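upload23.cif, holding mmCIF, N, CA and C atoms:
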data_query
#
loop_
_atom_site.label_atom_id
_atom_site.label_comp_id
_atom_site.auth_asym_id
_atom_site.auth_seq_id
_atom_site.Cartn_x
_atom_site.Cartn_y
_atom_site.Cartn_z
N GLN A 17 103.31 119.45 89.56
CA GLN A 17 103.26 118.45 90.64
C GLN A 17 102.11 118.74 91.57
N VAL A 18 101.61 117.68 92.21
CA VAL A 18 100.56 117.79 93.22
C VAL A 18 101.04 117.08 94.47
N GLN A 19 100.96 117.75 95.58
CA GLN A 19 101.24 117.13 96.87
C GLN A 19 99.93 117.01 97.64
N LEU A 20 99.71 115.81 98.19
CA LEU A 20 98.48 115.54 98.93
C LEU A 20 98.83 115.25 100.39
N VAL A 21 98.12 115.90 101.28
CA VAL A 21 98.35 115.70 102.71
C VAL A 21 97.02 115.35 103.37
N GLU A 22 96.98 114.15 103.98
CA GLU A 22 95.78 113.72 104.68
C GLU A 22 95.87 114.07 106.15
N SER A 23 94.72 114.23 106.76
CA SER A 23 94.64 114.46 108.20
C SER A 23 93.31 113.94 108.71
N GLY A 24 93.22 113.76 110.01
CA GLY A 24 91.95 113.40 110.62
C GLY A 24 91.82 111.96 111.07
N GLY A 25 92.82 111.14 110.82
CA GLY A 25 92.74 109.76 111.27
C GLY A 25 92.86 109.67 112.78
N GLY A 26 92.64 108.47 113.29
CA GLY A 26 92.76 108.26 114.72
C GLY A 26 92.10 106.98 115.16
N LEU A 27 91.93 106.87 116.47
CA LEU A 27 91.32 105.69 117.08
C LEU A 27 89.93 106.06 117.56
N VAL A 28 88.96 105.23 117.22
CA VAL A 28 87.58 105.49 117.61
C VAL A 28 86.90 104.16 117.93
N GLN A 29 85.90 104.21 118.77
CA GLN A 29 85.14 103.00 119.08
C GLN A 29 84.12 102.72 117.97
N ALA A 30 83.75 101.47 117.84
CA ALA A 30 82.72 101.09 116.87
C ALA A 30 81.46 101.92 117.09
N GLY A 31 80.89 102.36 115.99
CA GLY A 31 79.72 103.23 116.06
C GLY A 31 80.06 104.70 116.05
N GLY A 32 81.32 105.03 116.21
CA GLY A 32 81.74 106.42 116.26
C GLY A 32 81.96 107.01 114.87
N SER A 33 82.45 108.24 114.85
CA SER A 33 82.64 108.97 113.60
C SER A 33 84.04 109.59 113.54
N LEU A 34 84.52 109.74 112.33
CA LEU A 34 85.75 110.47 112.05
C LEU A 34 85.57 111.22 110.75
N ARG A 35 86.31 112.31 110.59
CA ARG A 35 86.30 113.05 109.34
C ARG A 35 87.73 113.17 108.85
N LEU A 36 87.98 112.62 107.68
CA LEU A 36 89.29 112.73 107.05
C LEU A 36 89.30 113.90 106.08
N SER A 37 90.43 114.56 106.01
CA SER A 37 90.60 115.66 105.07
C SER A 37 91.84 115.45 104.23
N CYS A 38 91.78 115.92 103.01
CA CYS A 38 92.93 115.85 102.09
C CYS A 38 93.12 117.23 101.48
N ALA A 39 94.30 117.78 101.62
CA ALA A 39 94.62 119.08 101.05
C ALA A 39 95.63 118.89 99.93
N ALA A 40 95.31 119.43 98.77
CA ALA A 40 96.17 119.31 97.60
C ALA A 40 96.86 120.63 97.32
N SER A 41 98.15 120.58 97.17
CA SER A 41 98.90 121.77 96.76
C SER A 41 99.49 121.51 95.38
N ARG A 42 99.29 122.47 94.48
CA ARG A 42 99.68 122.30 93.10
C ARG A 42 100.85 123.21 92.76
N SER A 43 101.75 122.72 91.92
CA SER A 43 102.84 123.55 91.44
C SER A 43 103.06 123.25 89.97
N GLY A 44 103.39 124.27 89.22
CA GLY A 44 103.60 124.06 87.80
C GLY A 44 102.30 124.07 87.03
N ASN A 45 102.40 123.99 85.72
CA ASN A 45 101.24 124.04 84.85
C ASN A 45 100.71 122.63 84.62
N ILE A 46 99.95 122.13 85.57
CA ILE A 46 99.49 120.75 85.47
C ILE A 46 98.01 120.64 85.14
N GLY A 47 97.35 121.78 85.01
CA GLY A 47 95.92 121.73 84.74
C GLY A 47 95.12 121.44 85.98
N ASN A 48 93.85 121.15 85.78
CA ASN A 48 92.95 120.91 86.91
C ASN A 48 93.15 119.52 87.52
N ILE A 49 92.80 119.43 88.79
CA ILE A 49 92.67 118.12 89.42
C ILE A 49 91.29 117.60 89.07
N ASN A 50 91.22 116.46 88.46
CA ASN A 50 89.94 115.90 88.04
C ASN A 50 89.36 115.04 89.15
N THR A 51 89.24 113.75 88.97
CA THR A 51 88.67 112.88 90.00
C THR A 51 89.59 112.81 91.21
N MET A 52 88.98 112.89 92.38
CA MET A 52 89.69 112.65 93.64
C MET A 52 89.03 111.45 94.31
N ALA A 53 89.79 110.77 95.13
CA ALA A 53 89.26 109.55 95.73
C ALA A 53 89.96 109.23 97.05
N TRP A 54 89.29 108.43 97.85
CA TRP A 54 89.87 107.83 99.05
C TRP A 54 90.01 106.33 98.81
N TYR A 55 91.17 105.82 99.10
CA TYR A 55 91.44 104.40 99.10
C TYR A 55 91.82 104.00 100.52
N ARG A 56 91.77 102.72 100.79
CA ARG A 56 92.24 102.23 102.08
C ARG A 56 92.93 100.88 101.89
N GLN A 57 93.83 100.62 102.81
CA GLN A 57 94.55 99.36 102.79
C GLN A 57 94.66 98.83 104.21
N ALA A 58 93.99 97.73 104.45
CA ALA A 58 94.08 97.06 105.74
C ALA A 58 95.31 96.16 105.74
N SER A 59 95.78 95.85 106.93
CA SER A 59 96.98 95.03 107.06
C SER A 59 96.78 93.69 106.37
N GLY A 60 97.70 93.35 105.47
CA GLY A 60 97.64 92.08 104.79
C GLY A 60 96.67 92.01 103.62
N LYS A 61 96.05 93.14 103.30
CA LYS A 61 95.07 93.15 102.21
C LYS A 61 95.48 94.14 101.12
N GLN A 62 94.84 94.01 99.98
CA GLN A 62 95.11 94.91 98.88
C GLN A 62 94.42 96.26 99.11
N ARG A 63 95.00 97.29 98.52
CA ARG A 63 94.38 98.62 98.59
C ARG A 63 93.06 98.58 97.81
N GLU A 64 92.04 99.21 98.39
CA GLU A 64 90.73 99.20 97.74
C GLU A 64 90.14 100.61 97.70
N LEU A 65 89.31 100.84 96.70
CA LEU A 65 88.63 102.12 96.58
C LEU A 65 87.53 102.22 97.62
N VAL A 66 87.49 103.33 98.32
CA VAL A 66 86.43 103.59 99.29
C VAL A 66 85.36 104.49 98.67
N ALA A 67 85.79 105.60 98.10
CA ALA A 67 84.85 106.55 97.50
C ALA A 67 85.61 107.46 96.55
N SER A 68 84.91 107.92 95.53
CA SER A 68 85.51 108.86 94.59
C SER A 68 84.52 109.97 94.28
N ILE A 69 85.07 111.09 93.83
CA ILE A 69 84.22 112.23 93.47
C ILE A 69 84.84 112.95 92.29
N SER A 70 84.02 113.21 91.29
CA SER A 70 84.51 113.90 90.10
C SER A 70 84.59 115.40 90.37
N ARG A 71 85.19 116.11 89.46
CA ARG A 71 85.30 117.56 89.60
C ARG A 71 83.91 118.20 89.64
N GLY A 72 82.97 117.57 88.95
CA GLY A 72 81.60 118.07 88.92
C GLY A 72 80.75 117.62 90.08
N GLY A 73 81.30 116.77 90.94
CA GLY A 73 80.58 116.37 92.14
C GLY A 73 79.91 115.01 92.08
N ASN A 74 80.08 114.27 90.99
CA ASN A 74 79.52 112.92 90.94
C ASN A 74 80.30 112.01 91.87
N THR A 75 79.58 111.22 92.66
CA THR A 75 80.22 110.39 93.66
C THR A 75 80.01 108.90 93.40
N ASN A 76 80.92 108.12 93.94
CA ASN A 76 80.85 106.67 93.83
C ASN A 76 81.37 106.09 95.14
N TYR A 77 80.70 105.06 95.66
CA TYR A 77 81.09 104.47 96.93
C TYR A 77 81.22 102.97 96.82
N ALA A 78 82.13 102.42 97.59
CA ALA A 78 82.19 100.98 97.76
C ALA A 78 80.93 100.53 98.49
N ASP A 79 80.45 99.34 98.15
CA ASP A 79 79.22 98.84 98.77
C ASP A 79 79.35 98.80 100.30
N SER A 80 80.54 98.51 100.77
CA SER A 80 80.74 98.33 102.21
C SER A 80 80.59 99.62 103.01
N VAL A 81 80.64 100.77 102.34
CA VAL A 81 80.56 102.04 103.06
C VAL A 81 79.34 102.87 102.69
N LYS A 82 78.56 102.40 101.74
CA LYS A 82 77.37 103.15 101.32
C LYS A 82 76.43 103.37 102.50
N GLY A 83 75.95 104.60 102.61
CA GLY A 83 75.06 104.95 103.70
C GLY A 83 75.76 105.34 104.98
N ARG A 84 77.06 105.11 105.05
CA ARG A 84 77.83 105.45 106.27
C ARG A 84 78.86 106.54 106.00
N PHE A 85 79.46 106.54 104.81
CA PHE A 85 80.51 107.49 104.47
C PHE A 85 79.98 108.50 103.45
N THR A 86 80.47 109.73 103.54
CA THR A 86 80.11 110.77 102.58
C THR A 86 81.38 111.49 102.13
N ILE A 87 81.59 111.52 100.81
CA ILE A 87 82.75 112.20 100.25
C ILE A 87 82.32 113.57 99.73
N SER A 88 83.18 114.55 99.88
CA SER A 88 82.89 115.90 99.38
C SER A 88 84.20 116.56 98.99
N ARG A 89 84.11 117.64 98.22
CA ARG A 89 85.32 118.35 97.81
C ARG A 89 85.00 119.82 97.59
N ASP A 90 86.05 120.62 97.66
CA ASP A 90 85.96 122.05 97.38
C ASP A 90 87.00 122.34 96.30
N ASN A 91 86.56 122.54 95.07
CA ASN A 91 87.49 122.72 93.96
C ASN A 91 88.31 124.01 94.11
N ALA A 92 87.70 125.03 94.66
CA ALA A 92 88.41 126.29 94.81
C ALA A 92 89.57 126.16 95.80
N LYS A 93 89.37 125.36 96.83
CA LYS A 93 90.41 125.19 97.85
C LYS A 93 91.26 123.95 97.61
N ASN A 94 90.91 123.15 96.61
CA ASN A 94 91.63 121.90 96.34
C ASN A 94 91.67 121.01 97.59
N THR A 95 90.53 120.83 98.18
CA THR A 95 90.43 119.96 99.34
C THR A 95 89.34 118.92 99.13
N MET A 96 89.45 117.83 99.85
CA MET A 96 88.49 116.74 99.78
C MET A 96 88.32 116.19 101.19
N ASP A 97 87.10 115.86 101.55
CA ASP A 97 86.83 115.30 102.87
C ASP A 97 86.11 113.96 102.75
N LEU A 98 86.22 113.18 103.80
CA LEU A 98 85.47 111.93 103.92
C LEU A 98 84.88 111.88 105.32
N GLN A 99 83.57 112.04 105.40
CA GLN A 99 82.87 111.91 106.67
C GLN A 99 82.51 110.45 106.87
N MET A 100 83.00 109.87 107.96
CA MET A 100 82.79 108.45 108.21
C MET A 100 81.96 108.31 109.48
N ASN A 101 80.78 107.77 109.34
CA ASN A 101 79.87 107.56 110.47
C ASN A 101 79.65 106.07 110.69
N ASN A 102 79.19 105.74 111.87
CA ASN A 102 78.89 104.35 112.22
C ASN A 102 80.07 103.44 111.84
N LEU A 103 81.23 103.81 112.29
CA LEU A 103 82.43 103.06 111.94
C LEU A 103 82.41 101.67 112.53
N LYS A 104 82.99 100.74 111.79
CA LYS A 104 83.04 99.34 112.18
C LYS A 104 84.50 98.92 112.28
N PRO A 105 84.78 97.87 113.07
CA PRO A 105 86.17 97.39 113.17
C PRO A 105 86.77 97.06 111.79
N GLU A 106 85.97 96.60 110.87
CA GLU A 106 86.48 96.27 109.54
C GLU A 106 86.84 97.50 108.71
N ASP A 107 86.55 98.68 109.20
CA ASP A 107 86.99 99.91 108.53
C ASP A 107 88.43 100.27 108.91
N THR A 108 89.00 99.54 109.84
CA THR A 108 90.37 99.80 110.24
C THR A 108 91.33 99.62 109.06
N ALA A 109 92.11 100.64 108.78
CA ALA A 109 93.01 100.62 107.63
C ALA A 109 93.79 101.92 107.58
N VAL A 110 94.78 101.95 106.71
CA VAL A 110 95.40 103.21 106.35
C VAL A 110 94.62 103.78 105.17
N TYR A 111 94.20 105.02 105.30
CA TYR A 111 93.39 105.67 104.27
C TYR A 111 94.27 106.62 103.47
N TYR A 112 94.17 106.51 102.15
CA TYR A 112 94.99 107.30 101.24
C TYR A 112 94.13 108.21 100.37
N CYS A 113 94.60 109.41 100.22
CA CYS A 113 94.00 110.37 99.30
C CYS A 113 94.62 110.18 97.92
N ASN A 114 93.81 110.29 96.89
CA ASN A 114 94.25 110.09 95.52
C ASN A 114 93.69 111.21 94.65
N ALA A 115 94.51 111.73 93.75
CA ALA A 115 94.05 112.79 92.85
C ALA A 115 94.57 112.53 91.45
N ALA A 116 93.71 112.79 90.47
CA ALA A 116 94.07 112.54 89.08
C ALA A 116 94.07 113.84 88.29
N THR A 117 95.16 114.06 87.55
CA THR A 117 95.18 115.13 86.56
C THR A 117 95.17 114.47 85.18
N MET A 118 95.29 115.26 84.14
CA MET A 118 95.32 114.69 82.79
C MET A 118 96.58 113.84 82.58
N ILE A 119 97.60 114.11 83.40
CA ILE A 119 98.90 113.49 83.15
C ILE A 119 99.13 112.25 84.01
N ARG A 120 98.76 112.31 85.29
CA ARG A 120 99.10 111.20 86.18
C ARG A 120 98.25 111.21 87.43
N LEU A 121 98.43 110.13 88.22
CA LEU A 121 97.79 110.01 89.53
C LEU A 121 98.78 110.39 90.63
N TYR A 122 98.22 110.96 91.68
CA TYR A 122 99.03 111.33 92.84
C TYR A 122 98.43 110.66 94.09
N TRP A 123 99.31 110.36 95.04
CA TRP A 123 98.89 109.72 96.29
C TRP A 123 99.42 110.52 97.48
N GLY A 124 98.62 110.52 98.54
CA GLY A 124 99.10 111.05 99.80
C GLY A 124 99.87 109.98 100.56
N GLN A 125 100.35 110.37 101.75
CA GLN A 125 101.17 109.43 102.53
C GLN A 125 100.33 108.50 103.38
N GLY A 126 99.05 108.78 103.52
CA GLY A 126 98.15 107.92 104.27
C GLY A 126 97.94 108.38 105.69
N THR A 127 96.77 108.04 106.23
CA THR A 127 96.46 108.32 107.62
C THR A 127 95.77 107.10 108.21
N GLN A 128 96.17 106.74 109.41
CA GLN A 128 95.66 105.51 110.03
C GLN A 128 94.30 105.76 110.67
N VAL A 129 93.37 104.87 110.39
CA VAL A 129 92.06 104.85 111.06
C VAL A 129 91.94 103.50 111.75
N SER A 130 91.72 103.53 113.04
CA SER A 130 91.57 102.31 113.82
C SER A 130 90.23 102.35 114.55
N VAL A 131 89.46 101.28 114.41
CA VAL A 131 88.15 101.20 115.04
C VAL A 131 88.14 100.02 115.99
N SER A 132 87.92 100.28 117.25
CA SER A 132 87.91 99.22 118.25
C SER A 132 86.48 98.72 118.47
N SER A 133 86.39 97.44 118.78
CA SER A 133 85.06 96.84 118.99
C SER A 133 84.60 96.98 120.43
#
Can you dump the structure from the file as structure tokens?
Amino acid sequence: QVQLVESGGGLVQAGGSLRLSCAASRSGNIGNINTMAWYRQASGKQRELVASISRGGNTNYADSVKGRFTISRDNAKNTMDLQMNNLKPEDTAVYYCNAATMIRLYWGQGTQVSVSS
């Protein structure tokens, strides 16, 4: 099993920055955590991919966050971060950490990010 715990959400003014963190705790013989990702879900909208990072460090970003957000991870510590700069009101959402093993996907409980104009 993998448990994911997000932290770092909050309220910030437009143009500000936040850093989200995700800590993964593993139990049992589940193998490595492969791709990790951040998703977000705004009120009334579908959950969408924000950014993903492979175990080898290859990254992928949604067009809406390219140039503003940076995803990173530490495989030894099983952690993942999302540095969010130049935040916009449309970035307001619950942000979820996601981790994939060979067997299944895991989700965190989410952390709220609110950006005021």
The PyMOL selection byres ((chain A and resi 97) around 5) resolved against shown file, as a ChimeraX atom specification: /A:36-38,87-89,95-96,98-99
I need the chosen residues saved as a CSV table (one decimal), keeping the file's coordinate frame, with N, CA and C atoms.
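Printed below is result_7.csv as written:
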chain,number,residue,atom,x,y,z
A,36,LEU,N,88.0,112.6,107.7
A,36,LEU,CA,89.3,112.7,107.0
A,36,LEU,C,89.3,113.9,106.1
A,37,SER,N,90.4,114.6,106.0
A,37,SER,CA,90.6,115.7,105.1
A,37,SER,C,91.8,115.4,104.2
A,38,CYS,N,91.8,115.9,103.0
A,38,CYS,CA,92.9,115.8,102.1
A,38,CYS,C,93.1,117.2,101.5
A,87,ILE,N,81.6,111.5,100.8
A,87,ILE,CA,82.8,112.2,100.2
A,87,ILE,C,82.3,113.6,99.7
A,88,SER,N,83.2,114.6,99.9
A,88,SER,CA,82.9,115.9,99.4
A,88,SER,C,84.2,116.6,99.0
A,89,ARG,N,84.1,117.6,98.2
A,89,ARG,CA,85.3,118.4,97.8
A,89,ARG,C,85.0,119.8,97.6
A,95,THR,N,90.5,120.8,98.2
A,95,THR,CA,90.4,120.0,99.3
A,95,THR,C,89.3,118.9,99.1
A,96,MET,N,89.4,117.8,99.8
A,96,MET,CA,88.5,116.7,99.8
A,96,MET,C,88.3,116.2,101.2
A,98,LEU,N,86.2,113.2,103.8
A,98,LEU,CA,85.5,111.9,103.9
A,98,LEU,C,84.9,111.9,105.3
A,99,GLN,N,83.6,112.0,105.4
A,99,GLN,CA,82.9,111.9,106.7
A,99,GLN,C,82.5,110.4,106.9
Hits of the PyMOL selection byres ((chain A and resi 28-35) around 8) in this structure, as a list in words: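 This file gives the following for the PyMOL selection byres ((chain A and resi 28-35) around 8): Ser23, Gly24, Gly25, Gly26, Leu27, Leu36, Ser37, Cys38, Asp97, Leu98, Gln99, Met100, Asn101, Asn102, Leu103, Lys104, Pro105, Val129, Ser130, Val131, Ser132 and Ser133 of chain A.
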Store the residues picked out above in a file with N, CA and C atoms, as an mmCIF file, in the coordinates of the input.
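Saved the output as out_5.cif:
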data_model
loop_
_atom_site.group_PDB
_atom_site.id
_atom_site.type_symbol
_atom_site.label_atom_id
_atom_site.label_comp_id
_atom_site.auth_asym_id
_atom_site.auth_seq_id
_atom_site.Cartn_x
_atom_site.Cartn_y
_atom_site.Cartn_z
ATOM 1 N N SER A 23 94.720 114.230 106.760
ATOM 2 C CA SER A 23 94.640 114.460 108.200
ATOM 3 C C SER A 23 93.310 113.940 108.710
ATOM 4 N N GLY A 24 93.220 113.760 110.010
ATOM 5 C CA GLY A 24 91.950 113.400 110.620
ATOM 6 C C GLY A 24 91.820 111.960 111.070
ATOM 7 N N GLY A 25 92.820 111.140 110.820
ATOM 8 C CA GLY A 25 92.740 109.760 111.270
ATOM 9 C C GLY A 25 92.860 109.670 112.780
ATOM 10 N N GLY A 26 92.640 108.470 113.290
ATOM 11 C CA GLY A 26 92.760 108.260 114.720
ATOM 12 C C GLY A 26 92.100 106.980 115.160
ATOM 13 N N LEU A 27 91.930 106.870 116.470
ATOM 14 C CA LEU A 27 91.320 105.690 117.080
ATOM 15 C C LEU A 27 89.930 106.060 117.560
ATOM 16 N N LEU A 36 87.980 112.620 107.680
ATOM 17 C CA LEU A 36 89.290 112.730 107.050
ATOM 18 C C LEU A 36 89.300 113.900 106.080
ATOM 19 N N SER A 37 90.430 114.560 106.010
ATOM 20 C CA SER A 37 90.600 115.660 105.070
ATOM 21 C C SER A 37 91.840 115.450 104.230
ATOM 22 N N CYS A 38 91.780 115.920 103.010
ATOM 23 C CA CYS A 38 92.930 115.850 102.090
ATOM 24 C C CYS A 38 93.120 117.230 101.480
ATOM 25 N N ASP A 97 87.100 115.860 101.550
ATOM 26 C CA ASP A 97 86.830 115.300 102.870
ATOM 27 C C ASP A 97 86.110 113.960 102.750
ATOM 28 N N LEU A 98 86.220 113.180 103.800
ATOM 29 C CA LEU A 98 85.470 111.930 103.920
ATOM 30 C C LEU A 98 84.880 111.880 105.320
ATOM 31 N N GLN A 99 83.570 112.040 105.400
ATOM 32 C CA GLN A 99 82.870 111.910 106.670
ATOM 33 C C GLN A 99 82.510 110.450 106.870
ATOM 34 N N MET A 100 83.000 109.870 107.960
ATOM 35 C CA MET A 100 82.790 108.450 108.210
ATOM 36 C C MET A 100 81.960 108.310 109.480
ATOM 37 N N ASN A 101 80.780 107.770 109.340
ATOM 38 C CA ASN A 101 79.870 107.560 110.470
ATOM 39 C C ASN A 101 79.650 106.070 110.690
ATOM 40 N N ASN A 102 79.190 105.740 111.870
ATOM 41 C CA ASN A 102 78.890 104.350 112.220
ATOM 42 C C ASN A 102 80.070 103.440 111.840
ATOM 43 N N LEU A 103 81.230 103.810 112.290
ATOM 44 C CA LEU A 103 82.430 103.060 111.940
ATOM 45 C C LEU A 103 82.410 101.670 112.530
ATOM 46 N N LYS A 104 82.990 100.740 111.790
ATOM 47 C CA LYS A 104 83.040 99.340 112.180
ATOM 48 C C LYS A 104 84.500 98.920 112.280
ATOM 49 N N PRO A 105 84.780 97.870 113.070
ATOM 50 C CA PRO A 105 86.170 97.390 113.170
ATOM 51 C C PRO A 105 86.770 97.060 111.790
ATOM 52 N N VAL A 129 93.370 104.870 110.390
ATOM 53 C CA VAL A 129 92.060 104.850 111.060
ATOM 54 C C VAL A 129 91.940 103.500 111.750
ATOM 55 N N SER A 130 91.720 103.530 113.040
ATOM 56 C CA SER A 130 91.570 102.310 113.820
ATOM 57 C C SER A 130 90.230 102.350 114.550
ATOM 58 N N VAL A 131 89.460 101.280 114.410
ATOM 59 C CA VAL A 131 88.150 101.200 115.040
ATOM 60 C C VAL A 131 88.140 100.020 115.990
ATOM 61 N N SER A 132 87.920 100.280 117.250
ATOM 62 C CA SER A 132 87.910 99.220 118.250
ATOM 63 C C SER A 132 86.480 98.720 118.470
ATOM 64 N N SER A 133 86.390 97.440 118.780
ATOM 65 C CA SER A 133 85.060 96.840 118.990
ATOM 66 C C SER A 133 84.600 96.980 120.430
#
Take the PyMOL selection byres ((chain A and resi 69) around 8), run it mentally on this structure, and tell me the resulting residues as a ChimeraX atom specification. /A:50-54,67-68,70-77,87-89
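For the residues A:Ala40, A:Gln17, A:Glu22, A:Asp79, ranking by smallest atom-to-atom distance to Lys93 (chain A) using only N, CA and C atoms places A:Ala40 first.
Taking CA of Leu121 (chain A) and atom N of Asn94 (chain A) as the two end points, the separation is 16.4 Å.
Residues of protein, DNA or RNA having at least one counted atom within 12 Å of (91.7, 96.3, 99.7), given only C-alpha atoms, are Trp54, Tyr55, Arg56, Gln57, Ala58, Ser59, Gly60, Lys61, Gln62, Arg63, Glu64, Leu65, Val66, Ala78, Ser80, Glu106, Asp107, Thr108, Ala109, Val110, Tyr111 and Tyr112 of chain A.
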Take the residues from that selection and put them in a file with N, CA and C atoms, as a PDB file, in the frame of the given file.
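Final file, part_10.pdb:
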ATOM      1  N   TRP A  54      89.290 108.430  97.850  1.00  0.00           N
ATOM      2  CA  TRP A  54      89.870 107.830  99.050  1.00  0.00           C
ATOM      3  C   TRP A  54      90.010 106.330  98.810  1.00  0.00           C
ATOM      4  N   TYR A  55      91.170 105.820  99.100  1.00  0.00           N
ATOM      5  CA  TYR A  55      91.440 104.400  99.100  1.00  0.00           C
ATOM      6  C   TYR A  55      91.820 104.000 100.520  1.00  0.00           C
ATOM      7  N   ARG A  56      91.770 102.720 100.790  1.00  0.00           N
ATOM      8  CA  ARG A  56      92.240 102.230 102.080  1.00  0.00           C
ATOM      9  C   ARG A  56      92.930 100.880 101.890  1.00  0.00           C
ATOM     10  N   GLN A  57      93.830 100.620 102.810  1.00  0.00           N
ATOM     11  CA  GLN A  57      94.550  99.360 102.790  1.00  0.00           C
ATOM     12  C   GLN A  57      94.660  98.830 104.210  1.00  0.00           C
ATOM     13  N   ALA A  58      93.990  97.730 104.450  1.00  0.00           N
ATOM     14  CA  ALA A  58      94.080  97.060 105.740  1.00  0.00           C
ATOM     15  C   ALA A  58      95.310  96.160 105.740  1.00  0.00           C
ATOM     16  N   SER A  59      95.780  95.850 106.930  1.00  0.00           N
ATOM     17  CA  SER A  59      96.980  95.030 107.060  1.00  0.00           C
ATOM     18  C   SER A  59      96.780  93.690 106.370  1.00  0.00           C
ATOM     19  N   GLY A  60      97.700  93.350 105.470  1.00  0.00           N
ATOM     20  CA  GLY A  60      97.640  92.080 104.790  1.00  0.00           C
ATOM     21  C   GLY A  60      96.670  92.010 103.620  1.00  0.00           C
ATOM     22  N   LYS A  61      96.050  93.140 103.300  1.00  0.00           N
ATOM     23  CA  LYS A  61      95.070  93.150 102.210  1.00  0.00           C
ATOM     24  C   LYS A  61      95.480  94.140 101.120  1.00  0.00           C
ATOM     25  N   GLN A  62      94.840  94.010  99.980  1.00  0.00           N
ATOM     26  CA  GLN A  62      95.110  94.910  98.880  1.00  0.00           C
ATOM     27  C   GLN A  62      94.420  96.260  99.110  1.00  0.00           C
ATOM     28  N   ARG A  63      95.000  97.290  98.520  1.00  0.00           N
ATOM     29  CA  ARG A  63      94.380  98.620  98.590  1.00  0.00           C
ATOM     30  C   ARG A  63      93.060  98.580  97.810  1.00  0.00           C
ATOM     31  N   GLU A  64      92.040  99.210  98.390  1.00  0.00           N
ATOM     32  CA  GLU A  64      90.730  99.200  97.740  1.00  0.00           C
ATOM     33  C   GLU A  64      90.140 100.610  97.700  1.00  0.00           C
ATOM     34  N   LEU A  65      89.310 100.840  96.700  1.00  0.00           N
ATOM     35  CA  LEU A  65      88.630 102.120  96.580  1.00  0.00           C
ATOM     36  C   LEU A  65      87.530 102.220  97.620  1.00  0.00           C
ATOM     37  N   VAL A  66      87.490 103.330  98.320  1.00  0.00           N
ATOM     38  CA  VAL A  66      86.430 103.590  99.290  1.00  0.00           C
ATOM     39  C   VAL A  66      85.360 104.490  98.670  1.00  0.00           C
ATOM     40  N   ALA A  78      82.130 102.420  97.590  1.00  0.00           N
ATOM     41  CA  ALA A  78      82.190 100.980  97.760  1.00  0.00           C
ATOM     42  C   ALA A  78      80.930 100.530  98.490  1.00  0.00           C
ATOM     43  N   SER A  80      80.540  98.510 100.770  1.00  0.00           N
ATOM     44  CA  SER A  80      80.740  98.330 102.210  1.00  0.00           C
ATOM     45  C   SER A  80      80.590  99.620 103.010  1.00  0.00           C
ATOM     46  N   GLU A 106      85.970  96.600 110.870  1.00  0.00           N
ATOM     47  CA  GLU A 106      86.480  96.270 109.540  1.00  0.00           C
ATOM     48  C   GLU A 106      86.840  97.500 108.710  1.00  0.00           C
ATOM     49  N   ASP A 107      86.550  98.680 109.200  1.00  0.00           N
ATOM     50  CA  ASP A 107      86.990  99.910 108.530  1.00  0.00           C
ATOM     51  C   ASP A 107      88.430 100.270 108.910  1.00  0.00           C
ATOM     52  N   THR A 108      89.000  99.540 109.840  1.00  0.00           N
ATOM     53  CA  THR A 108      90.370  99.800 110.240  1.00  0.00           C
ATOM     54  C   THR A 108      91.330  99.620 109.060  1.00  0.00           C
ATOM     55  N   ALA A 109      92.110 100.640 108.780  1.00  0.00           N
ATOM     56  CA  ALA A 109      93.010 100.620 107.630  1.00  0.00           C
ATOM     57  C   ALA A 109      93.790 101.920 107.580  1.00  0.00           C
ATOM     58  N   VAL A 110      94.780 101.950 106.710  1.00  0.00           N
ATOM     59  CA  VAL A 110      95.400 103.210 106.350  1.00  0.00           C
ATOM     60  C   VAL A 110      94.620 103.780 105.170  1.00  0.00           C
ATOM     61  N   TYR A 111      94.200 105.020 105.300  1.00  0.00           N
ATOM     62  CA  TYR A 111      93.390 105.670 104.270  1.00  0.00           C
ATOM     63  C   TYR A 111      94.270 106.620 103.470  1.00  0.00           C
ATOM     64  N   TYR A 112      94.170 106.510 102.150  1.00  0.00           N
ATOM     65  CA  TYR A 112      94.990 107.300 101.240  1.00  0.00           C
ATOM     66  C   TYR A 112      94.130 108.210 100.370  1.00  0.00           C
TER      67      TYR A 112
END
Using DSSP assignments from the backbone, pull out every residue in chain A that falls under strand (DSSP E or B) and give it to me as a count of residues only. 63
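Taking CA of Val18 (chain A) as the reference point, CA of Asp90 (chain A) is found at 15.8 Å.
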Between CA of Asn45 (chain A) and CA of Gln19 (chain A) - distance in Å to one decimal: 13.9 Å
Mind listing the helix (DSSP H, G or I) residues of chain A, per DSSP on the backbone, as a ChimeraX atom specification? /A:79-81,105-107
Where's the centre, and what are the edge lengths in Å to one decimal, of a box along x, y and z enclosing all listed atoms of region 68-74 of chain A padded 8 Å per side, as lines of an AutoDock Vina configuration file?
center_x = 82.5
center_y = 113.1
center_z = 92.2
size_x = 22.0
size_y = 26.3
size_z = 22.6
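If you count all atoms listed in the file and ignore residues fewer than 3 places along the chain from Met118 (chain A), what sits within 6.5 Å of it is Ile46, Gly47, Asn48 and Asn50 of chain A.
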How would region 18-31 of chain A of the given structure read as a file with C-alpha atoms, as a CSV table (one decimal), in the first residue's frame?
chain,number,residue,atom,x,y,z
A,18,VAL,CA,1.0,3.6,-0.6
A,19,GLN,CA,-0.3,6.5,1.5
A,20,LEU,CA,0.0,10.0,0.1
A,21,VAL,CA,-0.2,13.1,2.2
A,22,GLU,CA,-0.2,16.6,0.6
A,23,SER,CA,0.7,19.8,2.3
A,24,GLY,CA,1.4,23.4,1.5
A,25,GLY,CA,-2.0,24.7,0.2
A,26,GLY,CA,-3.5,27.9,1.3
A,27,LEU,CA,-4.8,31.3,0.3
A,28,VAL,CA,-2.6,33.6,-1.8
A,29,GLN,CA,-3.1,36.8,-3.8
A,30,ALA,CA,-2.8,36.7,-7.6
A,31,GLY,CA,0.9,36.8,-8.7
